[in-house]
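Notes follow the structure.
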Amino acid sequence: MSRVTNNDIFSKYFNVIELKHCDFKEKEGNLVVKSKKVNKNYNGICMFYSPNCDKCHRLVEKWNELGLFFTNKNICSVNCHDMKNKNNQLCDSMDVYKYPTIFNISIDGELVKYVGRTSQEDLFNELYM
């Protein structure tokens with residue numbers, strides 16, 4: 001049984017930027033975020049998720065709270081099962097096979113895999129740095 005009909009677990013949250021395959025570009029052999037959806041003057045964080053992932057669903061509220069609190073950060077998400085927008089190809093090219101997978105986003109749009117814990121406190125601390 002699917003929890004959401006459109007497979008976007010963030011559809012009711014306006015503080016989370018839902019990115020698609022087209023929002024990423026290749027730069028020097030790596031994918032970077034290059035989208036008008038994100039503020040290029042801010043760094044941020046992005047969760048790559050599966051709509052069928054229970055842990056991803058448990059993180060939705062935390063992710064929305066990050067977006068509410070950090071108005072000067074890009075709080076993003078990518079639905080890896082969105083085949084219509086080729087997000088599955090994006091996730092494959094970034095070696096995302098486990099959900100959720102979280103990346104820090106630099107001001108230049110470069111992505112670095114986050115390896116910390118996903119508690120509210122740890123995520124807040126990560127974004128303060």
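Please note that chains go A, B, ... in the order of the structure tokens, that every chain numbers its residues from 1, and that ligands are numbered from 1 in the order shown.
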- Name all residues at most 7 Å from stretch 44-49 of chain A (count only C-alpha atoms; drop same-chain ones fewer than 4 positions away) and give them as a PyMOL selection string. chain A and resi 56+73-80+99-106+127
- Message: Among chain A, which residues does DSSP mark as strand (DSSP E) when it is run on the backbone? Keep the chain and numbering as in the structure and answer as number ranges by chain.
- Response: A: 17-18, 24-27, 30-33, 44-49, 74-79, 101-105, 111-113
Keeping only N, CA, C and O atoms, take the residues you just selected and write them out as a compact mmCIF listing (two decimals), in the first residue's frame.
```
# COMPACT_ATOMS: atom_id res chain seq x y z
N ILE A 17 12.43 21.97 -1.08
CA ILE A 17 12.55 22.12 -2.53
C ILE A 17 12.69 20.74 -3.15
O ILE A 17 13.67 20.05 -2.91
N GLU A 18 11.71 20.33 -3.94
CA GLU A 18 11.76 19.02 -4.60
C GLU A 18 12.55 19.18 -5.90
O GLU A 18 12.12 19.89 -6.82
N PHE A 24 20.09 19.14 -12.05
CA PHE A 24 21.50 18.80 -11.83
C PHE A 24 22.25 18.88 -13.16
O PHE A 24 21.71 18.52 -14.20
N LYS A 25 23.47 19.34 -13.10
CA LYS A 25 24.33 19.43 -14.28
C LYS A 25 25.68 18.79 -13.95
O LYS A 25 26.09 18.73 -12.81
N GLU A 26 26.36 18.36 -15.00
CA GLU A 26 27.68 17.77 -14.81
C GLU A 26 28.72 18.88 -14.81
O GLU A 26 28.70 19.79 -15.64
N LYS A 27 29.64 18.81 -13.85
CA LYS A 27 30.73 19.77 -13.74
C LYS A 27 31.98 19.00 -13.34
O LYS A 27 32.03 18.41 -12.26
N ASN A 30 31.47 15.50 -12.06
CA ASN A 30 30.56 15.33 -10.92
C ASN A 30 29.25 16.05 -11.19
O ASN A 30 29.22 17.04 -11.92
N LEU A 31 28.19 15.56 -10.58
CA LEU A 31 26.91 16.25 -10.70
C LEU A 31 26.80 17.33 -9.64
O LEU A 31 27.19 17.12 -8.49
N VAL A 32 26.32 18.48 -10.03
CA VAL A 32 26.11 19.59 -9.12
C VAL A 32 24.68 20.11 -9.29
O VAL A 32 24.08 19.95 -10.35
N VAL A 33 24.16 20.74 -8.24
CA VAL A 33 22.83 21.34 -8.31
C VAL A 33 22.95 22.65 -9.07
O VAL A 33 23.71 23.54 -8.70
N GLY A 44 23.21 24.14 1.58
CA GLY A 44 22.03 23.43 2.06
C GLY A 44 22.26 21.95 2.21
O GLY A 44 23.40 21.49 2.37
N ILE A 45 21.16 21.22 2.15
CA ILE A 45 21.18 19.78 2.37
C ILE A 45 20.07 19.16 1.53
O ILE A 45 19.04 19.79 1.30
N CYS A 46 20.31 17.94 1.05
CA CYS A 46 19.34 17.29 0.18
C CYS A 46 19.19 15.81 0.57
O CYS A 46 20.18 15.12 0.71
N MET A 47 17.94 15.39 0.73
CA MET A 47 17.65 13.99 1.02
C MET A 47 17.19 13.29 -0.25
O MET A 47 16.21 13.70 -0.86
N PHE A 48 17.89 12.25 -0.64
CA PHE A 48 17.47 11.37 -1.74
C PHE A 48 16.67 10.25 -1.08
O PHE A 48 17.18 9.57 -0.19
N TYR A 49 15.42 10.08 -1.51
CA TYR A 49 14.53 9.16 -0.80
C TYR A 49 13.74 8.26 -1.74
O TYR A 49 13.66 8.49 -2.94
N ASN A 74 19.18 25.97 1.53
CA ASN A 74 18.39 25.20 0.58
C ASN A 74 18.14 23.82 1.18
O ASN A 74 19.05 23.02 1.32
N ILE A 75 16.89 23.57 1.57
CA ILE A 75 16.49 22.27 2.12
C ILE A 75 15.76 21.55 1.00
O ILE A 75 14.66 21.94 0.60
N CYS A 76 16.39 20.50 0.47
CA CYS A 76 15.92 19.87 -0.76
C CYS A 76 15.65 18.38 -0.58
O CYS A 76 16.09 17.77 0.39
N SER A 77 14.95 17.83 -1.56
CA SER A 77 14.71 16.39 -1.60
C SER A 77 14.65 15.93 -3.05
O SER A 77 14.38 16.72 -3.95
N VAL A 78 14.95 14.65 -3.25
CA VAL A 78 14.88 14.02 -4.57
C VAL A 78 14.20 12.66 -4.40
O VAL A 78 14.65 11.84 -3.61
N ASN A 79 13.12 12.45 -5.13
CA ASN A 79 12.41 11.18 -5.13
C ASN A 79 13.10 10.26 -6.14
O ASN A 79 12.93 10.41 -7.35
N THR A 101 19.48 8.78 1.61
CA THR A 101 20.87 9.19 1.45
C THR A 101 20.86 10.71 1.43
O THR A 101 20.09 11.32 0.69
N ILE A 102 21.70 11.29 2.25
CA ILE A 102 21.70 12.75 2.43
C ILE A 102 23.02 13.32 1.94
O ILE A 102 24.09 12.76 2.18
N PHE A 103 22.91 14.44 1.22
CA PHE A 103 24.09 15.15 0.73
C PHE A 103 24.05 16.59 1.23
O PHE A 103 22.99 17.22 1.25
N ASN A 104 25.22 17.09 1.61
CA ASN A 104 25.37 18.53 1.83
C ASN A 104 25.52 19.18 0.46
O ASN A 104 26.11 18.59 -0.44
N ILE A 105 25.00 20.39 0.33
CA ILE A 105 25.11 21.14 -0.92
C ILE A 105 25.91 22.41 -0.63
O ILE A 105 25.52 23.21 0.23
N LEU A 111 27.95 18.50 -4.29
CA LEU A 111 27.32 17.58 -3.34
C LEU A 111 28.37 16.74 -2.63
O LEU A 111 29.26 16.18 -3.27
N VAL A 112 28.25 16.66 -1.31
CA VAL A 112 29.13 15.83 -0.50
C VAL A 112 28.25 14.98 0.40
O VAL A 112 27.37 15.51 1.11
N LYS A 113 28.47 13.67 0.36
CA LYS A 113 27.63 12.76 1.14
C LYS A 113 27.75 13.05 2.63
O LYS A 113 28.85 13.17 3.17
```
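Going from atom CA of A:Asp108 over to atom CA of A:Asn43, you cover 7.9 Å.
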- Message: Residues of chain A classed as helix (DSSP H, G or I) by DSSP on the backbone are to be reported as an NGL selection string.
- Response: :A and (21-23 or 54-69 or 87-93 or 120-128)
Mind checking which residues fall within 12 Å of A:Lys84, counting only C-alpha atoms, ignoring those fewer than 2 positions away in the same chain, and posting them as a compact mmCIF listing (two decimals) with C-alpha atoms, in the first residue's frame?
```txt
# COMPACT_ATOMS: atom_id res chain seq x y z
CA ASN A 6 1.94 10.91 -6.36
CA ASN A 7 4.98 9.29 -4.67
CA LYS A 20 14.41 16.65 -10.37
CA HIS A 21 17.05 15.17 -12.68
CA CYS A 22 16.94 18.35 -14.80
CA ASN A 79 12.41 11.18 -5.13
CA CYS A 80 14.61 8.39 -6.52
CA HIS A 81 11.56 6.46 -7.73
CA ASP A 82 10.32 9.28 -9.97
CA LYS A 86 14.46 10.47 -14.74
CA ASN A 87 15.29 10.78 -11.05
CA ASN A 88 15.98 7.05 -10.93
CA GLN A 89 18.82 7.63 -13.41
CA LEU A 90 20.07 10.55 -11.30
```
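Our summary of the geometry notes that atom CA of A:Lys40 is positioned 26.2 Å from atom CA of A:Arg117.
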- Message: Using only C-alpha atoms, which protein or nucleic acid residues come within 12 Å of A:Arg58? Drop anything in the same chain fewer than 4 positions from it, and give the result as number ranges by chain.
- Response: A: 9-10, 49, 51-54, 62-64, 99-100, 118-120
Kindly export the residues of the current selection with N, CA, C and O atoms, as a short mmCIF file (atom, residue, chain, number, x, y, z; two decimals), in the first residue's frame.
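Once written, out02.cif looks like this:
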```
data_model
loop_
_atom_site.label_atom_id
_atom_site.label_comp_id
_atom_site.auth_asym_id
_atom_site.auth_seq_id
_atom_site.Cartn_x
_atom_site.Cartn_y
_atom_site.Cartn_z
N ILE A 9 6.60 12.39 -1.03
CA ILE A 9 6.26 12.47 0.39
C ILE A 9 6.36 13.89 0.94
O ILE A 9 5.92 14.15 2.05
N PHE A 10 6.90 14.81 0.15
CA PHE A 10 7.01 16.20 0.58
C PHE A 10 5.98 17.11 -0.08
O PHE A 10 6.08 18.32 0.00
N TYR A 49 15.42 10.08 -1.51
CA TYR A 49 14.53 9.16 -0.80
C TYR A 49 13.74 8.26 -1.74
O TYR A 49 13.66 8.49 -2.94
N PRO A 51 9.76 6.70 -1.81
CA PRO A 51 8.45 6.84 -1.18
C PRO A 51 8.04 5.60 -0.38
O PRO A 51 7.14 5.67 0.44
N ASN A 52 8.73 4.48 -0.58
CA ASN A 52 8.42 3.25 0.14
C ASN A 52 9.28 3.05 1.38
O ASN A 52 9.18 2.03 2.04
N CYS A 53 10.12 4.02 1.69
CA CYS A 53 11.08 3.91 2.79
C CYS A 53 10.46 4.46 4.08
O CYS A 53 10.12 5.64 4.16
N ASP A 54 10.34 3.60 5.09
CA ASP A 54 9.76 4.02 6.36
C ASP A 54 10.61 5.09 7.06
O ASP A 54 10.08 6.05 7.62
N LYS A 62 10.98 16.32 10.24
CA LYS A 62 12.26 16.97 10.56
C LYS A 62 12.74 17.82 9.39
O LYS A 62 13.24 18.93 9.58
N TRP A 63 12.59 17.28 8.19
CA TRP A 63 13.05 17.99 7.00
C TRP A 63 12.26 19.29 6.82
O TRP A 63 12.82 20.32 6.50
N ASN A 64 10.95 19.22 7.03
CA ASN A 64 10.12 20.41 6.93
C ASN A 64 10.50 21.43 7.99
O ASN A 64 10.57 22.63 7.71
N TYR A 99 18.26 4.19 1.29
CA TYR A 99 17.44 5.37 1.60
C TYR A 99 17.24 5.52 3.10
O TYR A 99 17.11 4.52 3.80
N PRO A 100 17.23 6.75 3.55
CA PRO A 100 17.56 7.95 2.79
C PRO A 100 19.06 8.10 2.66
O PRO A 100 19.82 7.62 3.49
N THR A 118 20.83 11.22 11.86
CA THR A 118 19.69 11.98 11.34
C THR A 118 18.77 12.49 12.45
O THR A 118 17.60 12.76 12.21
N SER A 119 19.31 12.64 13.66
CA SER A 119 18.50 13.23 14.72
C SER A 119 18.30 14.71 14.40
O SER A 119 19.09 15.32 13.66
N GLN A 120 17.26 15.29 14.95
CA GLN A 120 16.98 16.71 14.73
C GLN A 120 18.19 17.56 15.13
O GLN A 120 18.60 18.45 14.40
#
```
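Relative to atom CA of A:Leu66, atom CA of A:Tyr42 is found at 14.0 Å.
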